[in-house]
file query_2.cif (mmCIF, C-alpha atoms and all ligand atoms)
data_final
loop_
_atom_site.label_atom_id
_atom_site.label_comp_id
_atom_site.auth_asym_id
_atom_site.auth_seq_id
_atom_site.Cartn_x
_atom_site.Cartn_y
_atom_site.Cartn_z
CA MET A 268 33.12 19.98 10.61
CA SER A 269 35.40 21.63 8.14
CA PHE A 270 35.69 25.36 7.94
CA SER A 271 34.27 25.63 4.47
CA ASN A 272 31.19 23.70 5.59
CA LEU A 273 30.70 26.11 8.44
CA VAL A 274 30.72 29.05 6.09
CA ASN A 275 28.33 27.32 3.78
CA ASN A 276 25.95 26.42 6.59
CA VAL A 277 25.72 30.01 7.71
CA SER A 278 25.05 31.18 4.19
CA TYR A 279 22.53 28.46 3.53
CA ARG A 280 20.55 29.31 6.63
CA ASP A 281 20.52 33.00 5.79
CA ARG A 282 19.54 32.19 2.24
CA GLN A 283 16.58 30.15 3.44
CA GLN A 284 15.45 32.91 5.75
CA ASN A 285 15.64 35.52 3.03
CA GLY A 286 14.30 33.13 0.48
CA ASP A 287 15.22 34.95 -2.70
CA ARG A 288 17.95 34.62 -5.24
CA SER A 289 19.22 38.18 -5.17
CA SER A 290 20.04 37.99 -1.47
CA GLN A 291 21.97 34.81 -2.15
CA PHE A 292 24.70 36.83 -3.84
CA SER A 293 25.17 39.33 -1.06
CA HIS A 294 25.51 36.49 1.46
CA MET A 295 27.93 34.76 -0.81
CA SER A 296 30.18 37.76 -0.90
CA ARG A 297 29.87 38.05 2.87
CA GLY A 298 30.97 34.42 3.14
CA VAL A 299 33.97 35.10 0.99
CA SER A 300 35.05 38.11 2.94
CA TYR A 301 34.59 36.22 6.24
CA ALA A 302 36.91 33.54 4.94
CA SER A 303 39.45 36.07 3.75
CA THR A 304 39.77 37.73 7.19
CA THR A 305 40.84 34.48 8.85
CA ALA A 306 44.23 32.92 8.75
CA THR A 307 43.44 29.68 6.97
CA SER A 308 44.37 28.36 3.60
CA VAL A 309 40.78 27.39 2.71
CA SER A 310 39.93 28.81 -0.64
CA ILE A 311 36.31 29.43 -1.46
CA SER A 312 35.33 29.25 -5.06
CA GLY A 313 32.34 31.49 -4.59
CA ASP A 314 29.81 28.89 -5.66
CA ILE A 315 28.16 28.00 -2.36
CA SER A 316 25.22 26.28 -4.06
CA SER A 317 27.44 23.30 -4.91
CA GLN A 318 27.78 22.37 -1.22
CA LEU A 319 25.18 19.86 0.00
CA HIS A 320 27.03 17.50 2.33
CA GLY A 321 26.83 19.80 5.31
CA GLY A 322 23.11 19.21 5.52
CA TYR A 323 23.12 15.48 6.15
CA HIS A 324 26.21 14.16 7.86
CA HIS A 325 24.41 13.16 11.08
CA PRO A 326 21.73 10.40 11.12
CA LEU A 327 19.14 12.84 12.41
CA ALA A 328 20.00 15.36 9.72
CA ARG A 329 19.69 12.53 7.18
CA ALA A 330 16.24 11.65 8.54
CA TRP A 331 15.15 15.28 8.28
CA GLN A 332 15.72 15.18 4.53
CA ALA A 333 12.65 12.97 4.09
CA GLU A 334 9.21 14.50 3.78
CA ARG A 335 7.77 11.63 5.80
CA GLN A 336 9.31 8.87 7.90
CA LEU A 337 7.96 5.34 8.02
CA THR A 338 6.02 4.74 11.22
CA LYS A 339 4.09 1.70 12.43
CA SER A 340 0.80 3.52 11.90
CA MET A 341 1.42 3.69 8.13
CA LEU A 342 1.51 -0.08 7.72
CA ILE A 343 -1.30 -2.47 6.78
CA TYR A 344 -0.56 -6.18 7.16
CA PRO A 345 -2.21 -8.61 4.68
CA LEU A 346 -3.78 -11.73 6.23
CA PHE A 347 -5.02 -14.80 4.37
CA ILE A 348 -7.99 -16.27 6.22
CA SER A 349 -8.77 -19.90 5.44
CA ASP A 350 -12.19 -21.49 5.93
CA GLN A 351 -10.44 -24.40 7.69
CA PRO A 352 -10.51 -23.17 11.31
CA ASP A 353 -7.34 -24.97 12.40
CA GLU A 354 -5.28 -24.45 9.27
CA GLU A 355 -1.86 -22.85 9.48
CA THR A 356 -0.02 -23.38 6.20
CA LEU A 357 3.18 -21.72 5.08
CA ILE A 358 2.80 -20.33 1.56
CA PRO A 359 5.87 -21.61 -0.31
CA SER A 360 6.20 -18.72 -2.76
CA LEU A 361 5.52 -16.01 -0.15
CA PRO A 362 8.32 -16.13 2.47
CA ASN A 363 7.17 -16.31 6.11
CA GLN A 364 3.51 -15.80 5.19
CA HIS A 365 0.78 -18.24 6.16
CA ARG A 366 -2.80 -19.07 5.43
CA ARG A 367 -4.55 -19.25 8.77
CA GLY A 368 -7.91 -20.41 10.02
CA LEU A 369 -9.95 -18.52 12.62
CA ASN A 370 -8.60 -20.60 15.50
CA ARG A 371 -5.04 -19.61 14.62
CA LEU A 372 -5.50 -15.89 14.23
CA THR A 373 -5.20 -14.43 17.69
CA ALA A 374 -2.13 -16.47 18.66
CA HIS A 375 -0.44 -14.98 15.62
CA LEU A 376 -1.71 -11.44 16.13
CA ASP A 377 -1.39 -11.02 19.93
CA PRO A 378 2.38 -10.43 19.87
CA LEU A 379 2.12 -8.19 16.80
CA ILE A 380 -0.57 -6.07 18.46
CA ALA A 381 1.72 -5.77 21.48
CA LYS A 382 4.44 -4.44 19.16
CA GLY A 383 2.14 -1.81 17.68
CA LEU A 384 0.32 -3.44 14.77
CA ALA A 385 -2.26 -0.84 13.70
CA ALA A 386 -4.06 -2.26 10.67
CA VAL A 387 -4.71 -5.48 8.75
CA ILE A 388 -6.27 -6.26 5.37
CA LEU A 389 -8.20 -9.53 5.12
CA PHE A 390 -8.35 -11.91 2.17
CA GLY A 391 -10.67 -14.91 2.39
CA VAL A 392 -9.43 -18.26 1.15
CA PRO A 393 -12.12 -20.89 0.74
CA ILE A 394 -10.58 -24.37 0.76
CA ASN A 395 -13.74 -26.43 1.23
CA PRO A 396 -14.56 -28.19 -2.03
CA GLY A 397 -17.75 -27.04 -3.66
CA VAL A 398 -17.65 -23.54 -2.16
CA LYS A 399 -16.81 -21.79 -5.42
CA ASP A 400 -19.48 -21.01 -7.99
CA PRO A 401 -19.77 -18.71 -11.03
CA HIS A 402 -21.23 -15.87 -8.92
CA GLY A 403 -18.83 -16.07 -5.98
CA ARG A 404 -21.75 -16.52 -3.60
CA ALA A 405 -19.48 -17.53 -0.72
CA ALA A 406 -17.81 -14.11 -0.60
CA ASP A 407 -20.31 -12.72 1.88
CA ASP A 408 -21.40 -15.95 3.53
CA PRO A 409 -22.04 -14.90 7.16
CA ARG A 410 -20.29 -18.11 8.29
CA GLY A 411 -17.46 -17.59 5.78
CA PRO A 412 -13.89 -16.76 6.80
CA VAL A 413 -13.89 -13.00 6.14
CA ILE A 414 -17.07 -12.05 7.99
CA GLN A 415 -16.15 -14.38 10.86
CA ALA A 416 -12.63 -12.91 11.02
CA ILE A 417 -13.93 -9.32 10.98
CA LYS A 418 -16.16 -10.11 13.96
CA LEU A 419 -13.43 -11.96 15.84
CA LEU A 420 -10.88 -9.19 15.35
CA ARG A 421 -13.37 -6.46 16.26
CA ARG A 422 -14.23 -8.11 19.56
CA THR A 423 -10.64 -9.13 20.39
CA TYR A 424 -8.65 -5.99 19.53
CA ARG A 425 -10.26 -2.68 20.44
CA ASP A 426 -7.98 -0.44 18.38
CA LEU A 427 -7.03 -2.60 15.39
CA PHE A 428 -8.12 -1.06 12.07
CA ILE A 429 -9.70 -3.73 9.89
CA VAL A 430 -9.68 -3.47 6.12
CA ALA A 431 -11.61 -6.05 4.10
CA ASP A 432 -10.39 -6.65 0.56
CA VAL A 433 -13.47 -7.00 -1.63
CA CYS A 434 -13.29 -9.23 -4.68
CA LEU A 435 -14.91 -12.31 -6.13
CA CYS A 436 -11.88 -14.09 -7.62
CA GLU A 437 -11.22 -16.13 -4.46
CA TYR A 438 -14.82 -17.37 -4.60
CA THR A 439 -15.63 -17.79 -8.28
CA SER A 440 -15.26 -21.18 -9.96
CA HIS A 441 -13.62 -19.47 -12.96
CA GLY A 442 -11.29 -17.40 -10.76
CA HIS A 443 -12.12 -14.05 -12.35
CA CYS A 444 -12.84 -10.87 -10.38
CA GLY A 445 -16.53 -10.62 -11.26
CA ILE A 446 -19.47 -12.32 -12.90
CA LEU A 447 -18.92 -13.39 -16.50
CA THR A 448 -20.99 -13.07 -19.65
CA GLU A 449 -21.32 -15.99 -22.06
CA ASP A 450 -18.25 -14.94 -24.04
CA GLY A 451 -16.09 -15.04 -20.91
CA THR A 452 -15.74 -11.30 -20.42
CA LEU A 453 -16.80 -9.55 -17.23
CA HIS A 454 -20.45 -8.51 -17.02
CA ASN A 455 -19.92 -5.06 -15.59
CA ALA A 456 -23.39 -4.33 -14.22
CA LEU A 457 -23.86 -7.73 -12.55
CA SER A 458 -20.34 -7.67 -11.16
CA VAL A 459 -20.76 -4.19 -9.68
CA GLU A 460 -24.09 -5.19 -8.16
CA ARG A 461 -22.51 -8.23 -6.49
CA ILE A 462 -19.28 -6.49 -5.41
CA SER A 463 -21.20 -3.62 -3.80
CA ASP A 464 -23.39 -6.10 -1.89
CA VAL A 465 -20.31 -7.93 -0.60
CA ALA A 466 -18.61 -4.67 0.42
CA THR A 467 -21.70 -3.60 2.34
CA GLU A 468 -21.90 -6.95 4.16
CA TYR A 469 -18.25 -6.65 5.24
CA ALA A 470 -18.88 -3.12 6.50
CA LEU A 471 -22.02 -4.23 8.34
CA ALA A 472 -19.98 -7.03 9.95
CA GLY A 473 -17.66 -4.36 11.36
CA ALA A 474 -14.90 -3.70 8.83
CA HIS A 475 -13.61 -0.15 9.29
CA CYS A 476 -12.64 -0.03 5.65
CA VAL A 477 -13.65 -1.85 2.48
CA ALA A 478 -11.21 -2.06 -0.42
CA PRO A 479 -12.57 -3.32 -3.75
CA SER A 480 -9.76 -4.87 -5.81
CA ASP A 481 -11.92 -6.12 -8.68
CA MET A 482 -11.48 -3.12 -11.02
CA ASN A 483 -15.02 -3.18 -12.43
CA ASP A 484 -16.05 0.25 -13.72
CA GLY A 485 -18.40 2.15 -11.45
CA ARG A 486 -17.99 0.03 -8.31
CA ILE A 487 -16.82 2.90 -6.12
CA ARG A 488 -20.00 4.88 -6.73
CA ALA A 489 -22.15 1.76 -6.28
CA ILE A 490 -20.48 0.83 -3.00
CA LYS A 491 -20.70 4.38 -1.66
CA LEU A 492 -24.41 4.55 -2.48
CA LYS A 493 -25.09 1.20 -0.79
CA LEU A 494 -23.14 2.22 2.30
CA ILE A 495 -25.26 5.37 2.49
CA GLU A 496 -28.41 3.33 2.02
CA ALA A 497 -27.33 0.93 4.77
CA GLY A 498 -26.68 3.89 7.08
CA ILE A 499 -22.99 3.12 7.56
CA ALA A 500 -21.29 5.46 5.08
CA HIS A 501 -20.26 7.73 7.96
CA LYS A 502 -18.20 4.98 9.58
CA THR A 503 -16.79 3.09 6.62
CA VAL A 504 -13.66 4.16 4.77
CA LEU A 505 -13.78 3.31 1.08
CA MET A 506 -10.31 2.53 -0.21
CA SER A 507 -10.15 2.06 -3.97
CA TYR A 508 -7.58 -0.06 -5.72
CA SER A 509 -7.74 2.68 -8.36
CA ALA A 510 -4.70 1.87 -10.38
CA LYS A 511 -4.06 -1.84 -10.36
CA PHE A 512 -1.69 -2.97 -13.07
CA SER A 513 -1.73 -6.33 -14.76
CA GLY A 514 1.77 -7.71 -14.65
CA CYS A 515 3.70 -10.66 -13.30
CA LEU A 516 3.90 -9.62 -9.66
CA TYR A 517 0.77 -11.28 -8.23
CA GLY A 518 1.89 -14.92 -8.58
CA PRO A 519 2.61 -15.72 -4.92
CA PHE A 520 -0.67 -14.08 -3.88
CA ARG A 521 -2.63 -16.26 -6.29
CA ASP A 522 -0.86 -19.28 -4.78
CA ALA A 523 -1.83 -18.10 -1.33
CA ALA A 524 -5.43 -17.28 -2.19
CA GLY A 525 -6.00 -20.03 -4.73
CA SER A 526 -7.25 -17.43 -7.21
CA VAL A 527 -5.46 -18.26 -10.45
CA PRO A 528 -7.99 -17.68 -13.28
CA SER A 529 -9.06 -21.02 -14.78
CA PHE A 530 -8.80 -19.52 -18.28
CA GLY A 531 -7.52 -16.29 -19.76
CA ASP A 532 -5.96 -13.52 -17.70
CA ARG A 533 -6.94 -10.27 -16.02
CA LYS A 534 -5.74 -7.98 -18.78
CA CYS A 535 -9.25 -6.75 -19.63
CA TYR A 536 -9.76 -5.33 -16.18
CA GLN A 537 -6.27 -4.53 -14.91
CA LEU A 538 -4.22 -1.72 -16.41
CA PRO A 539 -1.41 -2.21 -18.94
CA PRO A 540 1.95 -1.45 -17.28
CA GLY A 541 2.64 1.44 -19.64
CA GLY A 542 -0.77 3.00 -19.09
CA ARG A 543 0.03 6.10 -17.06
CA GLY A 544 -2.76 8.13 -18.66
CA LEU A 545 -5.32 5.40 -17.99
CA ALA A 546 -4.17 5.22 -14.38
CA ARG A 547 -4.59 8.98 -13.99
CA ARG A 548 -8.10 8.75 -15.45
CA ALA A 549 -8.98 5.90 -13.09
CA ILE A 550 -7.70 7.87 -10.10
CA VAL A 551 -9.73 10.97 -11.02
CA ARG A 552 -12.79 8.82 -11.71
CA ASP A 553 -12.57 7.09 -8.33
CA ILE A 554 -12.09 10.37 -6.47
CA ASN A 555 -15.23 11.67 -8.18
CA GLU A 556 -17.14 8.48 -7.34
CA GLY A 557 -16.50 8.89 -3.63
CA ALA A 558 -13.29 7.04 -2.76
CA ASP A 559 -11.79 8.03 0.59
CA ILE A 560 -8.34 6.59 -0.07
CA ILE A 561 -6.66 5.97 -3.43
CA MET A 562 -4.46 2.89 -3.68
CA ILE A 563 -1.80 2.06 -6.27
CA LYS A 564 -0.64 -1.48 -6.86
CA PRO A 565 2.06 -2.78 -7.33
CA ALA A 566 4.23 -0.16 -5.65
CA ASN A 567 7.91 -0.04 -6.57
CA GLN A 568 7.41 -0.50 -10.31
CA TYR A 569 4.76 2.27 -10.31
CA LEU A 570 6.24 5.11 -8.27
CA ASP A 571 5.31 7.65 -10.95
CA ILE A 572 1.67 6.60 -10.58
CA ILE A 573 1.87 7.01 -6.80
CA SER A 574 3.20 10.50 -7.34
CA ASP A 575 0.46 11.19 -9.91
CA ALA A 576 -2.12 10.03 -7.36
CA LYS A 577 -0.67 12.41 -4.77
CA GLU A 578 -0.90 15.24 -7.30
CA LEU A 579 -4.42 14.42 -8.52
CA GLY A 580 -5.74 13.63 -5.05
CA LYS A 581 -3.62 16.08 -3.12
CA ASP A 582 -6.08 16.21 -0.23
CA MET A 583 -6.49 12.44 0.04
CA PRO A 584 -4.42 9.75 1.73
CA ILE A 585 -2.59 7.69 -0.89
CA ALA A 586 -1.91 4.02 -0.26
CA ALA A 587 0.51 1.73 -2.05
CA TYR A 588 0.46 -2.06 -2.05
CA GLN A 589 3.90 -3.63 -2.15
CA VAL A 590 2.57 -6.85 -3.62
CA SER A 591 3.50 -10.48 -3.18
CA GLY A 592 5.89 -10.58 -6.17
CA GLU A 593 7.79 -7.51 -4.95
CA PHE A 594 8.11 -9.03 -1.49
CA ALA A 595 9.23 -12.41 -2.86
CA MET A 596 11.71 -10.69 -5.16
CA ILE A 597 13.29 -8.77 -2.28
CA HIS A 598 13.62 -12.01 -0.31
CA ALA A 599 15.15 -13.76 -3.31
CA GLY A 600 17.63 -10.91 -3.84
CA ALA A 601 18.67 -10.97 -0.21
CA LYS A 602 19.04 -14.74 -0.29
CA ALA A 603 21.24 -14.47 -3.36
CA GLY A 604 23.47 -12.00 -1.53
CA VAL A 605 22.57 -9.05 -3.75
CA PHE A 606 21.63 -6.89 -0.77
CA ASP A 607 20.71 -7.01 2.89
CA LEU A 608 17.02 -7.81 3.45
CA LYS A 609 16.32 -5.17 6.08
CA THR A 610 18.17 -2.43 4.19
CA MET A 611 16.17 -3.19 1.05
CA ALA A 612 12.89 -3.44 2.97
CA PHE A 613 13.52 0.10 4.19
CA GLU A 614 14.86 1.45 0.90
CA SER A 615 11.92 0.11 -1.10
CA THR A 616 9.44 1.52 1.41
CA GLU A 617 11.19 4.88 1.55
CA GLY A 618 10.81 5.08 -2.22
CA ILE A 619 7.09 4.48 -1.86
CA LEU A 620 6.76 7.22 0.78
CA ARG A 621 8.92 9.62 -1.23
CA ALA A 622 6.66 9.13 -4.25
CA GLY A 623 3.71 10.33 -2.17
CA ALA A 624 2.11 7.44 -0.29
CA SER A 625 1.39 7.69 3.43
CA ILE A 626 -0.08 4.18 3.77
CA VAL A 627 1.83 1.04 2.81
CA ILE A 628 0.31 -2.41 2.53
CA SER A 629 3.26 -4.67 3.18
CA TYR A 630 4.10 -8.29 3.99
CA PHE A 631 7.12 -6.81 5.81
CA THR A 632 4.80 -5.38 8.48
CA PRO A 633 5.76 -7.91 11.21
CA ASP A 634 9.45 -7.22 10.47
CA PHE A 635 8.95 -3.45 10.55
CA LEU A 636 7.25 -3.78 13.94
CA ASP A 637 10.56 -5.24 15.17
CA TRP A 638 12.72 -2.75 13.31
CA LEU A 639 10.85 0.49 14.07
CA THR A 640 10.53 2.16 17.44
CA THR A 641 7.47 4.27 16.65
N1 LIG A 701 -8.43 -9.20 -6.65
C1 LIG A 701 -7.45 -10.05 -6.23
C2 LIG A 701 -6.24 -9.46 -5.63
N2 LIG A 701 -6.25 -8.65 -4.56
C3 LIG A 701 -4.92 -8.39 -4.23
C4 LIG A 701 -4.11 -9.04 -5.15
C5 LIG A 701 -2.62 -9.08 -5.22
C6 LIG A 701 -1.87 -8.89 -3.97
C7 LIG A 701 -0.48 -9.40 -3.99
O1 LIG A 701 0.03 -9.88 -5.01
O2 LIG A 701 0.15 -9.35 -2.92
C8 LIG A 701 -4.93 -9.70 -6.03
C9 LIG A 701 -4.39 -10.57 -7.10
C10 LIG A 701 -4.82 -10.42 -8.49
O3 LIG A 701 -5.32 -9.38 -8.93
O4 LIG A 701 -4.68 -11.42 -9.16
ZN ZN A 702 -10.00 -10.37 -7.78
ZN ZN A 703 -12.12 -9.52 -20.43
#
call {"tool": "encode", "arguments": {"input": "query_2.cif", "output": "structure tokens"}}
result
Amino acid sequence: MSFSNLVNNVSYRDRQQNGDRSSQFSHMSRGVSYASTTATSVSISGDISSQLHGGYHHPLARAWQAERQLTKSMLIYPLFISDQPDEETLIPSLPNQHRRGLNRLTAHLDPLIAKGLAAVILFGVPINPGVKDPHGRAADDPRGPVIQAIKLLRRTYRDLFIVADVCLCEYTSHGHCGILTEDGTLHNALSVERISDVATEYALAGAHCVAPSDMNDGRIRAIKLKLIEAGIAHKTVLMSYSAKFSGCLYGPFRDAAGSVPSFGDRKCYQLPPGGRGLARRAIVRDINEGADIIMIKPANQYLDIISDAKELGKDMPIAAYQVSGEFAMIHAGAKAGVFDLKTMAFESTEGILRAGASIVISYFTPDFLDWLTT
């Protein structure tokens, strides 16, 4: 450590302890006089505030600069559950991710649980022809993939936290996230009624958390009321996809889940990418309707919204979903030699934590379980 750094460290510590600007100047002059009594040629300009390097030259000191460090307990791993019990299909656009049937789940999860996997989020993927209808009736079929997977995971893994994504788009014949009116727009009241029924069935089946991703207005309140009515509100976390932006980052997911809309797009019920004010209103609305966790999605393109969520919901856990397109993009960049995969996986996640999230839904979860020690 150089002499000038030493002087600066002393002053910086004193400054922090005294905590006010006026004392900064007296310490500065003390630093200068200390330097002048020693026989070195170091010259001190007098502006100690320009010196930052001394605080982060060691890896531990670097780590201390972050408000929060990524740990295994912050990660939620997305799983695509097929209704074909023996299926195990690699999803071409989503590197290393599979669609799996019930009979393939525990063989995949056992080693991850052993490495510290703490939480999963389930997406049902009906493959059977004829399962989809305009109302998404299969979403809460008691023999369907999600309810069966919830029960299997609850009885197999005592400590695993199970989140059920709640939406209709995987189950509707038209591929939209609700029930439609004749003109092809979402029927809000019918959609909310159906979504809140599905959420309650998932919670009754044993999901620790239900996470509606449909974006219909008023669904958080409706789900909360039904959970209360069903007597399970005290043991069900309600995580709202509050600010879900319509963009081009969900493509690989729609491949995986078979949920590409058969006509139109989701622009009427997902936020416009520039809509920061709308996102803030949605976050406040969902907090007031009874959400327990606020989620932002996608993550890296919307760090300002994550930080807004942390400000607006300062007493709530904030989650961010690093979505399929972000994950695929990082893989593509690494493959093209633009950066190292692991370094970017960490850097992108650190950005999400820095913005204010303390929960990250990530397809990198199995990798992080290898890379992290805690
Ligand atoms: N309601 C569907 C849903 N739930 C989660 C995602 C995206 C997740 C991802 O891209 O990884 C989507 C896709 C969409 O809105 O089309
Ligand atoms: Zn949907
Ligand atoms: Zn619409």
call {"tool": "residues_around", "arguments": {"input": "query_2.cif", "residues": "Val477 of chain A", "least_positions_apart": "5", "cutoff": "8 Å", "atoms": "only C-alpha atoms", "output": "list in words"}}
result
Val430, Ala431, Asp432, Val433, Ala466, Tyr469, Ala470, Thr503, Val504, Leu505 and Met506 of chain A
call {"tool": "closest_atom_pairs", "arguments": {"input": "query_2.cif", "of": "chain A", "to": "ligand ZN 703 (chain A)", "cutoff": "9 Å", "atoms": "all atoms listed in the file", "output": "tab-separated table"}}
result
residue	atom	partner	partner_atom	distance
A:Leu447	CA	A:ZN703	ZN	8.8
A:Asp450	CA	A:ZN703	ZN	8.9
A:Gly451	CA	A:ZN703	ZN	6.8
A:Thr452	CA	A:ZN703	ZN	4.0
A:Leu453	CA	A:ZN703	ZN	5.7
A:Gly531	CA	A:ZN703	ZN	8.2
A:Asp532	CA	A:ZN703	ZN	7.8
A:Arg533	CA	A:ZN703	ZN	6.8
A:Lys534	CA	A:ZN703	ZN	6.8
A:Cys535	CA	A:ZN703	ZN	4.1
A:Tyr536	CA	A:ZN703	ZN	6.4
call {"tool": "residues_near_ligand", "arguments": {"input": "query_2.cif", "ligand": "ligand LIG 701 (chain A)", "cutoff": "10 Å", "atoms": "only C-alpha atoms and all ligand atoms", "output": "NGL selection string"}}
result
:A and (345 or 361 or 388-390 or 432-437 or 442-445 or 478-482 or 508 or 511-528 or 532-534 or 536-537 or 564-565 or 588-595 or 628-630)
call {"tool": "write_last_selection", "arguments": {"input": "query_2.cif", "atoms": "C-alpha atoms", "output": "PDB file, in the frame of the given file"}}
result
ATOM      1  CA  PRO A 345      -2.210  -8.610   4.680  1.00  0.00           C
ATOM      2  CA  LEU A 361       5.520 -16.010  -0.150  1.00  0.00           C
ATOM      3  CA  ILE A 388      -6.270  -6.260   5.370  1.00  0.00           C
ATOM      4  CA  LEU A 389      -8.200  -9.530   5.120  1.00  0.00           C
ATOM      5  CA  PHE A 390      -8.350 -11.910   2.170  1.00  0.00           C
ATOM      6  CA  ASP A 432     -10.390  -6.650   0.560  1.00  0.00           C
ATOM      7  CA  VAL A 433     -13.470  -7.000  -1.630  1.00  0.00           C
ATOM      8  CA  CYS A 434     -13.290  -9.230  -4.680  1.00  0.00           C
ATOM      9  CA  LEU A 435     -14.910 -12.310  -6.130  1.00  0.00           C
ATOM     10  CA  CYS A 436     -11.880 -14.090  -7.620  1.00  0.00           C
ATOM     11  CA  GLU A 437     -11.220 -16.130  -4.460  1.00  0.00           C
ATOM     12  CA  GLY A 442     -11.290 -17.400 -10.760  1.00  0.00           C
ATOM     13  CA  HIS A 443     -12.120 -14.050 -12.350  1.00  0.00           C
ATOM     14  CA  CYS A 444     -12.840 -10.870 -10.380  1.00  0.00           C
ATOM     15  CA  GLY A 445     -16.530 -10.620 -11.260  1.00  0.00           C
ATOM     16  CA  ALA A 478     -11.210  -2.060  -0.420  1.00  0.00           C
ATOM     17  CA  PRO A 479     -12.570  -3.320  -3.750  1.00  0.00           C
ATOM     18  CA  SER A 480      -9.760  -4.870  -5.810  1.00  0.00           C
ATOM     19  CA  ASP A 481     -11.920  -6.120  -8.680  1.00  0.00           C
ATOM     20  CA  MET A 482     -11.480  -3.120 -11.020  1.00  0.00           C
ATOM     21  CA  TYR A 508      -7.580  -0.060  -5.720  1.00  0.00           C
ATOM     22  CA  LYS A 511      -4.060  -1.840 -10.360  1.00  0.00           C
ATOM     23  CA  PHE A 512      -1.690  -2.970 -13.070  1.00  0.00           C
ATOM     24  CA  SER A 513      -1.730  -6.330 -14.760  1.00  0.00           C
ATOM     25  CA  GLY A 514       1.770  -7.710 -14.650  1.00  0.00           C
ATOM     26  CA  CYS A 515       3.700 -10.660 -13.300  1.00  0.00           C
ATOM     27  CA  LEU A 516       3.900  -9.620  -9.660  1.00  0.00           C
ATOM     28  CA  TYR A 517       0.770 -11.280  -8.230  1.00  0.00           C
ATOM     29  CA  GLY A 518       1.890 -14.920  -8.580  1.00  0.00           C
ATOM     30  CA  PRO A 519       2.610 -15.720  -4.920  1.00  0.00           C
ATOM     31  CA  PHE A 520      -0.670 -14.080  -3.880  1.00  0.00           C
ATOM     32  CA  ARG A 521      -2.630 -16.260  -6.290  1.00  0.00           C
ATOM     33  CA  ASP A 522      -0.860 -19.280  -4.780  1.00  0.00           C
ATOM     34  CA  ALA A 523      -1.830 -18.100  -1.330  1.00  0.00           C
ATOM     35  CA  ALA A 524      -5.430 -17.280  -2.190  1.00  0.00           C
ATOM     36  CA  GLY A 525      -6.000 -20.030  -4.730  1.00  0.00           C
ATOM     37  CA  SER A 526      -7.250 -17.430  -7.210  1.00  0.00           C
ATOM     38  CA  VAL A 527      -5.460 -18.260 -10.450  1.00  0.00           C
ATOM     39  CA  PRO A 528      -7.990 -17.680 -13.280  1.00  0.00           C
ATOM     40  CA  ASP A 532      -5.960 -13.520 -17.700  1.00  0.00           C
ATOM     41  CA  ARG A 533      -6.940 -10.270 -16.020  1.00  0.00           C
ATOM     42  CA  LYS A 534      -5.740  -7.980 -18.780  1.00  0.00           C
ATOM     43  CA  TYR A 536      -9.760  -5.330 -16.180  1.00  0.00           C
ATOM     44  CA  GLN A 537      -6.270  -4.530 -14.910  1.00  0.00           C
ATOM     45  CA  LYS A 564      -0.640  -1.480  -6.860  1.00  0.00           C
ATOM     46  CA  PRO A 565       2.060  -2.780  -7.330  1.00  0.00           C
ATOM     47  CA  TYR A 588       0.460  -2.060  -2.050  1.00  0.00           C
ATOM     48  CA  GLN A 589       3.900  -3.630  -2.150  1.00  0.00           C
ATOM     49  CA  VAL A 590       2.570  -6.850  -3.620  1.00  0.00           C
ATOM     50  CA  SER A 591       3.500 -10.480  -3.180  1.00  0.00           C
ATOM     51  CA  GLY A 592       5.890 -10.580  -6.170  1.00  0.00           C
ATOM     52  CA  GLU A 593       7.790  -7.510  -4.950  1.00  0.00           C
ATOM     53  CA  PHE A 594       8.110  -9.030  -1.490  1.00  0.00           C
ATOM     54  CA  ALA A 595       9.230 -12.410  -2.860  1.00  0.00           C
ATOM     55  CA  ILE A 628       0.310  -2.410   2.530  1.00  0.00           C
ATOM     56  CA  SER A 629       3.260  -4.670   3.180  1.00  0.00           C
ATOM     57  CA  TYR A 630       4.100  -8.290   3.990  1.00  0.00           C
TER      58      TYR A 630
END
call {"tool": "atom_distance", "arguments": {"input": "query_2.cif", "atom1": "atom CA of Gly485 of chain A", "atom2": "atom CA of Gly557 of chain A"}}
result
10.5 Å
call {"tool": "atom_distance", "arguments": {"input": "query_2.cif", "atom1": "atom CA of His598 of chain A", "atom2": "atom CA of Thr338 of chain A"}}
result
21.7 Å
call {"tool": "closest_residue", "arguments": {"input": "query_2.cif", "among": "A:Gly391, A:Gly397, A:Gly383, A:Gly580", "to": "Leu427 of chain A", "atoms": "only C-alpha atoms"}}
result
A:Gly383
call {"tool": "closest_residue", "arguments": {"input": "query_2.cif", "among": "A:Lys382, A:His441, A:His375, A:Arg425", "to": "ligand ZN 702 (chain A)", "atoms": "all atoms listed in the file"}}
result
A:His441
call {"tool": "atom_distance", "arguments": {"input": "query_2.cif", "atom1": "atom CA of Thr616 of chain A", "atom2": "atom CA of Ala566 of chain A"}}
result
8.9 Å
